[in-house]
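A short write-up of the structure that comes next.
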Amino acid sequence: MNWKAVMLVASFCFLFAGCDQKALPLPDGNEPYAVVTHLKEPALAFLESGHKRLVRTEKIDEPWGEMVPIDSGRMVALAQTGTTLLAIDTNSGAVDELAQFDEALTAVTALPGRDAVAVADTENREVKLVSVEHGDVMEAFALDGSPSELLADESGLLFVLCADQSNVSVFDLETMEQINSFPVSERPAGLFFDGELLWTGGHGPTGNLNSAIRGYEVASGEMKAEVEVGLMPIAITGSREENELYVVSHGDHHVYKVNRATQTVVAKAEVGQNPNYIYLFGNELLVSNFDSDTLSVLQKDPFELTDEVSVGAGPYAISVAPGREEDGS
């Protein structure tokens with residue numbers, strides 16, 4: 001794999017603003033690679049897939065607060081200032097400034113099966129659906145609170161967490177209508193939908209911090225499950241096809257493996273200090289540790305920590321980009 005080419009990609013990524021498009025060189029071959037954003041310094045870390053070896057850290061002009069893969073083979077990044085969406089084609093190397101906004105956005109999520117993302121506009125209390133192809137706002141949903149976190153599911157549902165109101169709103173992306181809104185725990189964080197229950201965690205009230213994740217029935221908003229994990233569970237991932245959830249508790253710097261069927265913790269692993277972000281990739285879990293400046297690599301089965309990689313100051317969002325298609329076109 002030509003990692004010099006990857007670093008050239010990173011260098012150009014900071015020069016998006018004011019540029020319509022650039023053709024970027026990409027790594028040789030078709031191996032995927034991990035990309036980690038940093039918030040304490042404007043930088044990206046690139047890691048080789050498989051061994052999770054740090055290739056290098058590339059300085060950039062402005063940190064990226066969010067980064068998500070898109071079904072079409074592109075990634076979308078949200079600059080930390082929140083006013084610029086960036087799009088990177090991971091096959092051709094084309095880079096676009098996707099959209100500019102007057103108000104700062106705080107979150108972005110891909111819409112499965114659609115060439116689009118949803119973004120959270122806290123100032124206007126709405127969620128916007130943005131075309132990745134054209135950069136235009138296709139739809140906007142008004143909210144009673146300020147959106148803090150988003151999750152779009154393959155079933156066509158969009159979940160919007162409003163931490164200031166401690167509630168979740170649910171939208172049907174086929175009808176473009178809100179179908180429910182229900183309260184969750186105080187100072188919530190983390191969203192995962194297993195096809196039946198919407199799971200969330202969070203910090204809990206000041207002076208009585210939360211240590212549980214809870215599962216809510218989407219149709220009724222009724223809490224159907226509660227599992228005690230570690231202090232302040234703020235990120236959750238998993239897959240519909242498996243019974244396990246993986247929960248990051250940044251209050252006790254552990255990742256918990258939860259069996260959804262029995263609603264019990266079946267394993268846990270210690271990671272670095274102040275973990276904030278978890279990314280599921282095949283049989284691996286990647287966790288960024290904000291205060292340890294490391295990326296923890298865990299194996300799902302058997303559940304264990306396999307690597308701790310130094311990646312630079314303040315790692316946060318993680319994404320894995322596919323390699324180029326074999327025809328290179």
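Labels used: A, B, ... for chains in the order of the structure tokens, numbers from 1 for residues in each chain, and numbers from 1 for ligands as shown.
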What's around Leu191 (chain A) at 9 Å? Count only C-alpha atoms, leave out sequence neighbours fewer than 3 positions away in its own chain, and write the answer as a compact mmCIF listing (two decimals) with C-alpha atoms, in the first residue's frame.
# COMPACT_ATOMS: atom_id res chain seq x y z
CA GLU A 149 -26.93 13.16 18.21
CA LEU A 150 -28.37 11.39 15.16
CA LEU A 151 -28.85 7.79 14.07
CA PHE A 159 -33.61 8.95 15.49
CA VAL A 160 -32.81 12.41 16.85
CA LEU A 161 -31.52 12.80 20.39
CA LEU A 198 -33.65 1.93 20.72
CA TRP A 199 -30.79 1.89 23.22
CA THR A 200 -29.32 5.00 24.81
CA GLY A 201 -27.06 5.85 27.75
CA ILE A 234 -21.88 7.55 26.18
CA ALA A 235 -21.40 5.45 23.02
CA ILE A 236 -23.06 2.22 21.88
CA THR A 237 -22.57 0.03 18.81
(message) I want to know what sits within 10 Å of Ser185 (chain A), based on only C-alpha atoms, with residues of the same chain fewer than 2 positions away left out; could you give that as a ChimeraX atom specification?
(response) /A:163,165-167,183,187-189,200-205,210,212-214
(message) Using DSSP assignments from the backbone, pull out every residue in region 203-313 of chain A that falls under strand (DSSP E) and give it to me as an MDAnalysis selection string.
(response) chainID A and resid 212:217 223:228 233:238 244:249 254:259 264:270 275:281 284:289 294:299 304:310
(request) Might you pull out every residue within 6 Å of Pro315 (chain A), with only C-alpha atoms counted and same-chain residues fewer than 5 positions away left off, and present them as a list in words? (result) Thr37, His38, Ser288, Phe290 and Asp293 of chain A
With all heavy atoms retained, export the selected residues as a PDB file, in the first residue's frame.
ATOM      1  N   THR A  37      -9.803  11.323  13.542  1.00  0.00           N
ATOM      2  CA  THR A  37      -9.691  12.773  13.688  1.00  0.00           C
ATOM      3  C   THR A  37      -9.151  13.115  15.075  1.00  0.00           C
ATOM      4  O   THR A  37      -9.172  12.297  15.989  1.00  0.00           O
ATOM      5  CB  THR A  37     -11.057  13.459  13.505  1.00  0.00           C
ATOM      6  OG1 THR A  37     -11.890  13.157  14.633  1.00  0.00           O
ATOM      7  CG2 THR A  37     -11.741  13.008  12.232  1.00  0.00           C
ATOM      8  N   HIS A  38      -8.648  14.349  15.219  1.00  0.00           N
ATOM      9  CA  HIS A  38      -8.160  14.843  16.500  1.00  0.00           C
ATOM     10  C   HIS A  38      -8.818  16.177  16.816  1.00  0.00           C
ATOM     11  O   HIS A  38      -9.010  16.998  15.921  1.00  0.00           O
ATOM     12  CB  HIS A  38      -6.639  15.040  16.464  1.00  0.00           C
ATOM     13  CG  HIS A  38      -5.862  13.771  16.283  1.00  0.00           C
ATOM     14  ND1 HIS A  38      -5.826  13.092  15.093  1.00  0.00           N
ATOM     15  CD2 HIS A  38      -5.104  13.058  17.147  1.00  0.00           C
ATOM     16  CE1 HIS A  38      -5.070  12.006  15.235  1.00  0.00           C
ATOM     17  NE2 HIS A  38      -4.624  11.967  16.464  1.00  0.00           N
ATOM     18  N   SER A 288     -11.473   5.357  20.463  1.00  0.00           N
ATOM     19  CA  SER A 288     -10.548   6.479  20.629  1.00  0.00           C
ATOM     20  C   SER A 288     -10.555   6.941  22.081  1.00  0.00           C
ATOM     21  O   SER A 288     -11.606   7.109  22.689  1.00  0.00           O
ATOM     22  CB  SER A 288     -10.929   7.635  19.698  1.00  0.00           C
ATOM     23  OG  SER A 288     -12.243   8.088  19.955  1.00  0.00           O
ATOM     24  N   PHE A 290      -9.529   9.895  24.360  1.00  0.00           N
ATOM     25  CA  PHE A 290      -9.249  11.314  24.191  1.00  0.00           C
ATOM     26  C   PHE A 290      -8.085  11.804  25.040  1.00  0.00           C
ATOM     27  O   PHE A 290      -7.266  12.605  24.597  1.00  0.00           O
ATOM     28  CB  PHE A 290     -10.508  12.110  24.520  1.00  0.00           C
ATOM     29  CG  PHE A 290     -10.451  13.555  24.113  1.00  0.00           C
ATOM     30  CD1 PHE A 290     -10.562  13.923  22.791  1.00  0.00           C
ATOM     31  CD2 PHE A 290     -10.291  14.551  25.065  1.00  0.00           C
ATOM     32  CE1 PHE A 290     -10.512  15.254  22.402  1.00  0.00           C
ATOM     33  CE2 PHE A 290     -10.241  15.881  24.697  1.00  0.00           C
ATOM     34  CZ  PHE A 290     -10.347  16.244  23.367  1.00  0.00           C
ATOM     35  N   ASP A 293      -4.525   9.759  24.272  1.00  0.00           N
ATOM     36  CA  ASP A 293      -3.961   9.964  22.948  1.00  0.00           C
ATOM     37  C   ASP A 293      -3.689   8.636  22.236  1.00  0.00           C
ATOM     38  O   ASP A 293      -2.689   8.479  21.534  1.00  0.00           O
ATOM     39  CB  ASP A 293      -2.669  10.789  23.013  1.00  0.00           C
ATOM     40  CG  ASP A 293      -2.879  12.139  23.682  1.00  0.00           C
ATOM     41  OD1 ASP A 293      -4.009  12.647  23.642  1.00  0.00           O
ATOM     42  OD2 ASP A 293      -1.902  12.684  24.237  1.00  0.00           O
TER      43      ASP A 293
END
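Using only C-alpha atoms, the nearest neighbour of Met75 (chain A) within the list A:Ala99, A:Ala110, A:Ile278, A:Ile88 is A:Ile88.
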(request) Determine, counting only C-alpha atoms, which protein, DNA and RNA residues have an atom within 8 Å of an atom of Arg56 (chain A); residues of the same chain fewer than 2 positions away are not included. Present the result as a PyMOL selection string. (result) chain A and resi 7+45-47+54+58
Prev. selection, all heavy atoms, output as an mmCIF file, in the first residue's frame:
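So the final result, stored in part25.cif, reads:
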data_model
loop_
_atom_site.group_PDB
_atom_site.id
_atom_site.type_symbol
_atom_site.label_atom_id
_atom_site.label_comp_id
_atom_site.auth_asym_id
_atom_site.auth_seq_id
_atom_site.Cartn_x
_atom_site.Cartn_y
_atom_site.Cartn_z
ATOM 1 N N MET A 7 -1.118 10.043 2.577
ATOM 2 C CA MET A 7 -0.804 11.293 3.254
ATOM 3 C C MET A 7 -1.066 12.501 2.360
ATOM 4 O O MET A 7 -1.441 13.571 2.828
ATOM 5 C CB MET A 7 0.665 11.300 3.699
ATOM 6 C CG MET A 7 0.940 10.274 4.782
ATOM 7 S SD MET A 7 -0.217 10.415 6.154
ATOM 8 C CE MET A 7 -1.156 8.932 5.914
ATOM 9 N N ALA A 45 -4.954 10.973 11.876
ATOM 10 C CA ALA A 45 -4.053 9.828 11.971
ATOM 11 C C ALA A 45 -4.532 8.756 11.006
ATOM 12 O O ALA A 45 -5.722 8.476 10.921
ATOM 13 C CB ALA A 45 -4.026 9.287 13.395
ATOM 14 N N PHE A 46 -3.600 8.167 10.270
ATOM 15 C CA PHE A 46 -3.910 7.084 9.346
ATOM 16 C C PHE A 46 -3.297 5.796 9.880
ATOM 17 O O PHE A 46 -2.124 5.766 10.241
ATOM 18 C CB PHE A 46 -3.360 7.395 7.957
ATOM 19 C CG PHE A 46 -4.107 8.478 7.244
ATOM 20 C CD1 PHE A 46 -3.855 9.812 7.528
ATOM 21 C CD2 PHE A 46 -5.067 8.172 6.304
ATOM 22 C CE1 PHE A 46 -4.533 10.824 6.878
ATOM 23 C CE2 PHE A 46 -5.765 9.171 5.648
ATOM 24 C CZ PHE A 46 -5.507 10.497 5.938
ATOM 25 N N LEU A 47 -4.113 4.753 9.915
ATOM 26 C CA LEU A 47 -3.651 3.465 10.434
ATOM 27 C C LEU A 47 -3.837 2.384 9.388
ATOM 28 O O LEU A 47 -4.869 2.320 8.722
ATOM 29 C CB LEU A 47 -4.398 3.070 11.705
ATOM 30 C CG LEU A 47 -4.143 3.951 12.919
ATOM 31 C CD1 LEU A 47 -5.214 5.012 13.058
ATOM 32 C CD2 LEU A 47 -4.062 3.108 14.177
ATOM 33 N N LEU A 54 0.081 2.621 13.180
ATOM 34 C CA LEU A 54 0.028 4.023 12.804
ATOM 35 C C LEU A 54 1.028 4.284 11.684
ATOM 36 O O LEU A 54 2.212 4.019 11.830
ATOM 37 C CB LEU A 54 0.343 4.918 14.007
ATOM 38 C CG LEU A 54 0.378 6.428 13.720
ATOM 39 C CD1 LEU A 54 -1.023 6.934 13.374
ATOM 40 C CD2 LEU A 54 0.941 7.183 14.918
ATOM 41 N N GLU A 58 -1.021 13.445 10.162
ATOM 42 C CA GLU A 58 -0.907 14.549 9.214
ATOM 43 C C GLU A 58 -1.549 15.803 9.789
ATOM 44 O O GLU A 58 -2.727 15.797 10.172
ATOM 45 C CB GLU A 58 -1.600 14.177 7.902
ATOM 46 C CG GLU A 58 -1.460 15.209 6.811
ATOM 47 C CD GLU A 58 -0.068 15.244 6.203
ATOM 48 O OE1 GLU A 58 0.738 14.317 6.457
ATOM 49 O OE2 GLU A 58 0.225 16.213 5.472
#
(request) Between A:Val119, A:Val137, A:Ala321, A:Leu143, single out the one closest to Asn30 (chain A), counting only C-alpha atoms. (result)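 Distance minimum relative to Asn30 (chain A) lands on A:Ala321.
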